[in-house]
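Below: one structure, written as structure tokens.
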Amino acid sequence: MQVTKNEISKVTLKNDRAQVQFKETAGDEINSVTKDCGAVVHKDLVAAMNRMKIHLVVLTEQPESSLVNHSSITDFDISLLDNYTITGYVIGGTDEHTGVTIIGQKMLKSGKVLNLISPFTKYEDEYEFSEELGQDVEMATYEVKEYLFNDKYGIKQQEMDFDVPQEASIELSNAAEGVGGVMTISSGKRKKKHAVEERELDTAM
């Protein structure tokens with residue numbers, strides 16, 4: 001049985017969806033594939049991408065880079081970088097020259113957005129946190145493959161219309177993982193009951 005190998009080269013996140021470029025190798029056949037995915041990304045993929053905020057602020061020499069050191073990086077509090085967003089990354093090079101470029105944005109105090117692109121950084125570079133960089137990119141790429149090939153999707157909160165009996169008057173809390181909010185289905189019969197009660201009150205008066 002022929003085994004297909006997929007090598008991720010570029011990932012872009014936008015509106016909770018991903019666009020992924022990868023090289024597909026099956027025997028002697030090699031294809032370059034770009035896939036625009038319609039499914040919502042899983043929260044694990046988002047979390048893995050968020051780890052790259054640490055490297056983005058260091059590699060682009062942002063003020064928050066002072067928060068990053070060898071003691072803090074493993075369990076770094078990503079919420080300290082909430083004004084940053086990772087929009088994608090690009091993997092390049094081969095063997096010991098393999099590295100990554102991280103793409104993101106910073107929300108400024110003025111409300112404007114500053115686009116940030118890190119310099120291409122090899123995993124075996126003089127970058128102080130190169131080992132952690134390689135691990136974080138590997139984890140993000142693993143989650144991208146789970147999303148692409150193993151249907152590991154997120155669930156988007158949204159309004160849904162259902163055909164339900166008029167008697168139904170229920171309030172459902174969606175307990176599905178990653179989904180918040182409350183869905184309410186209104187009853188037509190309940191309103192009718194109120195109208196009957198009002199007519200009875202008028203007759204009594």
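Each chain of the structure tokens is named A, B, ... in the order shown, its residues numbered from 1; ligands are numbered from 1 in display order.
Inside region 46-92 of chain A, the residues DSSP reads as strand (DSSP E or B) when given the backbone are Tyr84, Thr85, Ile86, Thr87, Gly88, Tyr89, Val90, Ile91 and Gly92 of chain A.
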Just write the chosen residues, C-alpha atoms, as an mmCIF file, in the first residue's frame.
```cif
data_model
loop_
_atom_site.group_PDB
_atom_site.id
_atom_site.type_symbol
_atom_site.label_atom_id
_atom_site.label_comp_id
_atom_site.auth_asym_id
_atom_site.auth_seq_id
_atom_site.Cartn_x
_atom_site.Cartn_y
_atom_site.Cartn_z
ATOM 1 C CA TYR A 84 -0.895 40.156 19.710
ATOM 2 C CA THR A 85 -2.421 37.813 17.144
ATOM 3 C CA ILE A 86 -0.692 35.101 15.140
ATOM 4 C CA THR A 87 -2.084 35.021 11.619
ATOM 5 C CA GLY A 88 0.231 32.398 10.176
ATOM 6 C CA TYR A 89 3.666 30.950 9.685
ATOM 7 C CA VAL A 90 5.849 29.778 6.821
ATOM 8 C CA ILE A 91 8.311 26.899 7.043
ATOM 9 C CA GLY A 92 11.339 26.934 4.751
#
```
With 10 Å as the cut-off and only C-alpha atoms counted, what is the closest atom pair between each nearby residue of region 32-65 of chain A and region 103-107 of chain A? Distances in Å to one decimal, ordered by chain and number, as a Markdown table.
```
| residue | atom | partner | partner_atom | distance |
| --- | --- | --- | --- | --- |
| A:Met52 | CA | A:Gly104 | CA | 9.3 |
| A:Lys53 | CA | A:Gly104 | CA | 8.0 |
| A:Leu56 | CA | A:Gly104 | CA | 7.5 |
| A:Val57 | CA | A:Lys106 | CA | 9.5 |
| A:Gln62 | CA | A:Lys106 | CA | 9.8 |
```
Exercise. Run DSSP on the backbone and grab whatever in region 9-182 of chain A lands in alpha helix (DSSP H); send it over as a PyMOL selection string.
Key: chain A and resi 43-50+52-59+130-149
Write the residues of the preceding selection, restricted to C-alpha atoms, as a PDB file, in the first residue's frame.
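In the end it all went to part_13.pdb:
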```pdb
ATOM      1  CA  LYS A  43      -9.089  25.292  20.078  1.00  0.00           C
ATOM      2  CA  ASP A  44      -5.946  23.126  20.355  1.00  0.00           C
ATOM      3  CA  LEU A  45      -4.709  24.508  17.043  1.00  0.00           C
ATOM      4  CA  VAL A  46      -5.398  28.058  18.202  1.00  0.00           C
ATOM      5  CA  ALA A  47      -3.538  27.397  21.460  1.00  0.00           C
ATOM      6  CA  ALA A  48      -0.554  25.953  19.592  1.00  0.00           C
ATOM      7  CA  MET A  49      -0.436  28.962  17.281  1.00  0.00           C
ATOM      8  CA  ASN A  50      -0.688  31.323  20.255  1.00  0.00           C
ATOM      9  CA  MET A  52       4.266  31.551  18.682  1.00  0.00           C
ATOM     10  CA  LYS A  53       3.410  34.962  20.124  1.00  0.00           C
ATOM     11  CA  ILE A  54       6.344  34.468  22.469  1.00  0.00           C
ATOM     12  CA  HIS A  55       8.782  34.110  19.585  1.00  0.00           C
ATOM     13  CA  LEU A  56       7.153  36.872  17.536  1.00  0.00           C
ATOM     14  CA  VAL A  57       7.691  39.484  20.270  1.00  0.00           C
ATOM     15  CA  VAL A  58      11.289  38.370  20.836  1.00  0.00           C
ATOM     16  CA  LEU A  59      12.285  38.099  17.173  1.00  0.00           C
ATOM     17  CA  SER A 130      15.603  28.137  19.037  1.00  0.00           C
ATOM     18  CA  GLU A 131      14.877  24.808  20.733  1.00  0.00           C
ATOM     19  CA  GLU A 132      11.522  26.036  22.033  1.00  0.00           C
ATOM     20  CA  LEU A 133      10.777  27.577  18.637  1.00  0.00           C
ATOM     21  CA  GLY A 134      11.263  24.231  16.903  1.00  0.00           C
ATOM     22  CA  GLN A 135       9.038  22.479  19.452  1.00  0.00           C
ATOM     23  CA  ASP A 136       6.279  25.081  19.183  1.00  0.00           C
ATOM     24  CA  VAL A 137       6.247  24.970  15.378  1.00  0.00           C
ATOM     25  CA  GLU A 138       6.203  21.168  15.498  1.00  0.00           C
ATOM     26  CA  MET A 139       3.190  21.204  17.831  1.00  0.00           C
ATOM     27  CA  ALA A 140       1.313  23.728  15.682  1.00  0.00           C
ATOM     28  CA  THR A 141       2.051  21.675  12.566  1.00  0.00           C
ATOM     29  CA  TYR A 142       0.814  18.521  14.298  1.00  0.00           C
ATOM     30  CA  GLU A 143      -2.485  20.262  15.096  1.00  0.00           C
ATOM     31  CA  VAL A 144      -2.746  21.526  11.510  1.00  0.00           C
ATOM     32  CA  LYS A 145      -2.405  17.950  10.228  1.00  0.00           C
ATOM     33  CA  GLU A 146      -5.029  16.745  12.706  1.00  0.00           C
ATOM     34  CA  TYR A 147      -7.333  19.472  11.394  1.00  0.00           C
ATOM     35  CA  LEU A 148      -6.644  18.700   7.735  1.00  0.00           C
ATOM     36  CA  PHE A 149      -6.520  14.932   7.669  1.00  0.00           C
TER      37      PHE A 149
END
```
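Note that CA of Tyr153 (chain A) and CA of Arg17 (chain A) are 9.8 Å apart.
The space between CA of Thr4 (chain A) and CA of Arg51 (chain A) spans 28.9 Å.
The two atoms in question, CA of Thr94 (chain A) and CA of Lys122 (chain A), are spaced 9.8 Å apart.
In this comparison, which uses only C-alpha atoms, the residue of A:Asp28, A:Glu61, A:Asp95, A:Asp151 approaching Glu124 (chain A) most closely is A:Asp95.
Residue nearest Ile117 (chain A), chosen from A:Ser65, A:Thr60, A:Ser71, A:Asn83 and counting only C-alpha atoms: A:Thr60.
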Exercise. Would you list the contacts of Gly27 (chain A) as JSON, numbers by chain, taking every protein, DNA or RNA residue within 8 Å and counting only C-alpha atoms, but skipping same-chain residues closer than 2 positions in sequence?
Key: {"A": [2, 3, 4, 25, 29, 30]}
Can I get the selection written as an mmCIF file, in the first residue's frame, with C-alpha atoms?
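So selection-v7.cif came out as:
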```cif
data_model
loop_
_atom_site.group_PDB
_atom_site.id
_atom_site.type_symbol
_atom_site.label_atom_id
_atom_site.label_comp_id
_atom_site.auth_asym_id
_atom_site.auth_seq_id
_atom_site.Cartn_x
_atom_site.Cartn_y
_atom_site.Cartn_z
ATOM 1 C CA GLN A 2 1.402 3.348 -1.076
ATOM 2 C CA VAL A 3 1.936 5.798 1.773
ATOM 3 C CA THR A 4 1.208 9.486 1.217
ATOM 4 C CA THR A 25 4.247 13.005 -1.856
ATOM 5 C CA GLU A 29 4.493 11.818 -7.531
ATOM 6 C CA ILE A 30 4.823 15.156 -5.746
#
```
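Here the question is which of A:Val100, A:Ile73, A:Leu80, A:Val41 gets nearest to Ser9 (chain A) using only C-alpha atoms, and that residue is A:Val100.
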